[in-house]
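Undergrad: Pasting in a structure now, in structure tokens, and then I'll have a few things to ask.
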Amino acid sequence: MRSKLNFLINVSLKKKLKSKWFLIANIVVALLLIAVINIDSIITLFGGDFDSKRKIYVIDETNSIYEDFKQNLNYYETSIYGEDNISYEVILSDKSIDELKELIKKEDKSLIAQIYYNDEKNIISKLISLSTIDSYDYQLISSSLTQTASLYTLNSIGLTQEQYNKITTPIEIEREILDEDITSEDEDVEMIMTTVFPFIVLPFFMLTIFLVQFIGSEINDEKSTKSMEIIISNVSPKTHFAAKVVANNLFIILQLILMIAYGAIGLLVRKFIGGDSIINGVASTIGNAFKSLTTGGMGDKFILILIFTIILMILTFVAYSLIAGILASMTTNTEDYQQVQAPIMIILLLGYYLSIMAGMFKGSFFIKILSFVPLISAVLSPSLLVLGQIGLIEITVSIFIMIITIFLLIKYGLRIYKVGILNYSQSGMWKKIFKSIKNK
Amino acid sequence: MLKLEHVTKYYGDFKAVDDLSFEVNDGEIFGLLGVNGAGKTTTFRMIMGLLDKSSGKITLDGKNIDYTVTDNIGFLTEERSLLTKLTVKEQAIYFGALKGMSNDKILERLDYLLDKFGISNYKNKKIKELSKGNQQKIQFITAILNKPKLLILDEPFSGLDPFNIELFKNEILDLSKNGSIIIFSSHRMEHVELFCKKLVILVNGKTVLSGNIKDIKENFRKKNIFLKGDIDIDGLNKIKGVEKVLEKSDEYEITISSKEVASHVFKFISKYPNITKFVVEEPSLNDIFISKVGESYEK
């Protein structure tokens with residue numbers, strides 16, 4: 001005789017997997033993910049004036065600034081955008097300012113940089129353009145000119161190359177942290193925050209919303225068609241509840257794996273069509289962070305962080321599905337369930353925002369305390385952990401609290417479920433629920 | 001044997017079922033009657049274990065009914081309880097598997113029953129696409145897929161035409177012949193009269209009548225006289241023991257308080273020359289039901 005629990009899990013999973021909406025939604029998600037990963041290639045595909053370089057015509061009345069300015073601008077651009085993405089072409093011009101003004105009217109993107117001395121022998125620059133230029137470009141040119149002017153001034157007062165290097169070389173800072181549990185490499189983990197956060201927290205947030213919706217609609221479907229009476233007359237509410245929780249969690253994990261696969265396909269497509277910049281940048285940042293973690297002796301710790309995060313997230317999925325199941329059993333139709341699930345969404349959203357704010361309010365005691373709160377902890381703890389604000393001990397405590405929460409949800413939630421699942425009247429609902437919690 | 005002993009159910013302070021007791025032997029068909037809210041569905045749900053009883057005992061073959069025996073029970077609820085997005089085949093597999101049946105057995109039995117009910121072509125149709133009557137047939141089929149030892153039918157004939165009622169009736173009788181215990185409720189007394197040997201009539205959760213239908217009818221003092229001919233109705237009404245005279249299309253139906261009154265009526269009509277019919281009959285179950293329910297309401 002087949003196990004009724006396995007059968008119910010099977011039915012629930014198959015129902016979702018065979019649904020045409022599952023297929024359609026996954027095709028759309030896959031296409032969107034692949035498109036987002038390759039967005040720059042798509043933009044380029046549709047054409048535009050991406051390749052032409054912006055010309056800066058330099059009128060160097062000092063006769064000594066031009067070369068240094070050109071080098072500095074090139075250096076800044078390379079360090080910010082990479083060697084392949086240089087957008088400026090610096091040209092020393094011997095034309096008059098009026099002739100150049102006429103020229104940039106035709107070339108519209110070009111600029112004129114007029115460099116000269118004032119009466120105090122200070123270097124002055126005038127930047128002429130046809131229309132406005134964005135702040136990035138302005139900052140880039142301004143920094144290059146300032147650096148050039150500094151260099152020129154230092155040279156002009158007769159400094160040797162060695163003295164000049166001493167002044168301009170960045171100071172190396174050696175870090176010492178007194179807490180032996182934290183290494184200086186912990187600070188490097190912050191790099192992950194900007195890259196791993198969207199890859200862990202966002203999918204978790206999205207999948208939890210799906211999970212809550214799926215369980216609710218499935219239970220409501222069986223309740224509203226009254227087929228629940230037949231089902232519960234053959235399997236216990238405990239088995240039914242377990243089947244819903246297991247099936248929907250399996251489905252969500254499967255969906256997560258599929259999304260990772262779509263991401264991987266997107267990256268493969270990117271590699272195939274020769275795209276770079278965005279993803280290469282992200283990959284290199286993650287790579288650097290990993291490298292820094294492993295070389296700094298954080299490799300093992302990072303693996304633990306990852307394992308603990310996954311454990312906490314799976315436990316949180318289970319907790320959310322238990323709550324969704326309990327709430328769905330209390331409602332009699334989908335509309336009621338939509339209303340009753342709103343607080344769950346707000347709790348989830350709170351965790352999401354707190355995890356973003358954690359970076360802004362470093363050391364906040366309030367946020368640290370909230371990182372232990374079940375349902376929020378899964379989103380908040382990993383973020384605080386990555387930021388170095390909590391350690392593995394704290395996240396272990398969060399996991400422990402989550403396990404206790406799940407135990408209590410099963411113990412008392414099942415009592416509510418047993419009563420709610422066959423209840424079709426909203427009158428005296430809360431009275432029935434409180435009574436069911438008291439009854440063993 | 002299904003046995004209910006002093007079963008009581010409270011919803012808060014409200015007593016929905018009050019000290020209900022009855023027995024149904026293997027192969028017997030039992031009627032549980034009552035107006036809406038009498039406690040029939042609550043009783044069924046207690047038998048199925050969907051509701052906890054406040055007190056009393058319910059056993060099937062001497063054992064408490066729990067999830068170890070539900071594979072041998074069939075249940076048809078009063079309202080539609082089908083997953084309407086599923087096809088007939090998927091629904092049968094779903095409910096059949098919950099009874100512990102294998103897929104092969106479910107499909108074999110489903111094909112047989114669909115054929116018997118003349119709806120084989122609906123096997124792969126979604127339930128929501130079927131008519132109300134056909135949905136009721138599917139619900140009935142899923143309830144008897146497992147050839148249940150105990151079959152509970154809550155208003156099984158609702159939404160069915162006379163032809164389909166006959167189909168249901170034959171299937172129920174077949175199951176009964178094979179030893180199934182069948183307990184059902186209906187508002188239609190002619191159906192109950194057709195199937196049941198025993199019944200219970202509930203009013204506000206209380207048993208007002210219980211036992212064999214034959215005995216109930218015999219013991220019910222009121223009788224009916226059917227009379228054809230030209231008579232003085234006022235004179236008939238004045239006879240002691242005549243409770244009601246109903247004028248039908250071409251005859252009179254006279255309700256008398258006891259068998260003995262019939263001779264007084266007969267004596268009265270003897271003087272009329274054109275009497276062509278005089279029949280004393282047992283009351284119908286409907287009469288008994290109305291009489292008993294009415295008495296209880298008056299109380």
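So you can find residues: chains in the structure tokens are A, B, ... in the order shown, residues in each start at 1, and ligands are numbered from 1 in order.
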List the spatial neighbours of A:Asn6 as a VMD selection string - criterion: any atom at most 12 Å away, only C-alpha atoms, same-chain residues fewer than 4 positions off excluded.

TA: (chain A and resid 1 to 2 10 to 14 235 239 to 240 242 to 244 246 to 247) or (chain B and resid 97 to 98 100)

Undergrad: Using only C-alpha atoms, determine which residues lie at most 8 Å from stretch 21-31 of chain A, disregarding the query and same-chain residues fewer than 6 positions distant; provide the list as a list in words.

TA: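 These residues fall inside the cut-off: Met259, Tyr262 and Gly263 of chain A.
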
Undergrad: Determine the nearest neighbour of chain A from the options B:Ile58, B:Val88, B:Met101, B:Ile65, counting only C-alpha atoms.

TA: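 Among B:Ile58, B:Val88, B:Met101, B:Ile65, it is B:Met101 that comes nearest to chain A.
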
Undergrad: Only residues of chain A matter here; which ones have an atom within 8 Å of chain B, counting only C-alpha atoms? Give them as a ChimeraX atom specification.

TA: /A:1-2,4,7,11,221-222,225-236,422

Undergrad: Kindly save the residues from that selection, with C-alpha atoms included, as a PDB file, in the first residue's frame.

TA:
ATOM      1  CA  MET A   1       0.000   0.000   0.000  1.00  0.00           C
ATOM      2  CA  ARG A   2       1.414   3.316  -1.002  1.00  0.00           C
ATOM      3  CA  LYS A   4      -0.723   8.488   1.705  1.00  0.00           C
ATOM      4  CA  PHE A   7       0.887  10.337  -2.498  1.00  0.00           C
ATOM      5  CA  VAL A  11      -0.124  15.067  -6.209  1.00  0.00           C
ATOM      6  CA  ASP A 221      -8.959  25.368  -3.238  1.00  0.00           C
ATOM      7  CA  GLU A 222      -9.595  22.144  -1.344  1.00  0.00           C
ATOM      8  CA  THR A 225     -14.696  22.905  -3.126  1.00  0.00           C
ATOM      9  CA  LYS A 226     -15.512  20.987   0.074  1.00  0.00           C
ATOM     10  CA  SER A 227     -13.277  18.152  -1.125  1.00  0.00           C
ATOM     11  CA  MET A 228     -11.412  18.724   2.129  1.00  0.00           C
ATOM     12  CA  GLU A 229     -14.106  16.672   3.915  1.00  0.00           C
ATOM     13  CA  ILE A 230     -13.350  13.651   1.754  1.00  0.00           C
ATOM     14  CA  ILE A 231      -9.592  14.146   2.072  1.00  0.00           C
ATOM     15  CA  ILE A 232      -9.643  14.565   5.850  1.00  0.00           C
ATOM     16  CA  SER A 233     -11.966  11.600   6.227  1.00  0.00           C
ATOM     17  CA  ASN A 234      -9.176   9.502   4.698  1.00  0.00           C
ATOM     18  CA  VAL A 235      -5.966  11.103   5.949  1.00  0.00           C
ATOM     19  CA  SER A 236      -5.331  12.867   9.223  1.00  0.00           C
ATOM     20  CA  LEU A 422     -13.103  21.695   8.377  1.00  0.00           C
TER      21      LEU A 422
END

Undergrad: Can you tell me, as number ranges by chain, which residues in stretch 22-260 of chain B count as strand (DSSP E) by DSSP?

TA: B: 22-24, 29-34, 55-60, 63-64, 73-76, 150-154, 181-185, 198-203, 206-212, 223-228, 242-247, 252-256

Undergrad: Rank A:Val269, A:Leu414, A:Ile305, A:Leu349 by their smallest atom-to-atom distance to A:Glu394, using only C-alpha atoms, and report the top residue only.

TA: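 Result for the nearest residue to A:Glu394: A:Ile305.
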
Undergrad: Which polymer residues have any atom within 9 Å of an atom of stretch 160-166 of chain A, counting only C-alpha atoms, with same-chain residues fewer than 5 positions away left out, as a list in words?

TA: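 Answer for this query is Leu151, Leu154 and Asn155 of chain A.
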
Undergrad: For B:Leu175, list every protein, DNA or RNA residue within 9 Å, evaluated using only C-alpha atoms, and leave out those in the same chain fewer than 3 positions away; present the list as a list in words.

TA: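 Everything that qualifies: Gly27, Ile144, Lys147, Pro148, Lys149, Leu151, Asn170, Glu171, Ile172, Asn178, Gly179, Ser180, Ile181 and Ile182 of chain B.
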
Undergrad: Take the residues from that selection and put them in a file with C-alpha atoms, as a JSON list (two decimals), in the first residue's frame.

TA:
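Below is the file that was written, out_22.json:
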[["chain", "number", "residue", "atom", "x", "y", "z"],
["B", 27, "GLY", "CA", -26.19, -5.53, 4.32],
["B", 144, "ILE", "CA", -18.11, 3.63, -3.95],
["B", 147, "LYS", "CA", -16.61, -1.17, -2.57],
["B", 148, "PRO", "CA", -16.97, 0.18, 0.95],
["B", 149, "LYS", "CA", -17.90, -1.85, 3.98],
["B", 151, "LEU", "CA", -21.23, 3.73, 2.87],
["B", 170, "ASN", "CA", -29.75, -0.23, -8.18],
["B", 171, "GLU", "CA", -26.11, 0.35, -7.29],
["B", 172, "ILE", "CA", -26.98, 0.95, -3.63],
["B", 178, "ASN", "CA", -22.84, -7.67, -1.05],
["B", 179, "GLY", "CA", -22.91, -6.90, 2.64],
["B", 180, "SER", "CA", -22.21, -3.18, 2.74],
["B", 181, "ILE", "CA", -23.71, -1.18, 5.56],
["B", 182, "ILE", "CA", -25.46, 1.80, 4.02]]

Undergrad: Could you list, as a list in words, every residue within 10 Å of B:Arg221, counting only C-alpha atoms and ignoring same-chain residues fewer than 2 positions away?

TA: Ile216, Lys217, Glu218, Asn219, Lys223, Ile256, Ser257, Ser258, Lys259, Glu260, Glu282, Pro283 and Ile288 of chain B
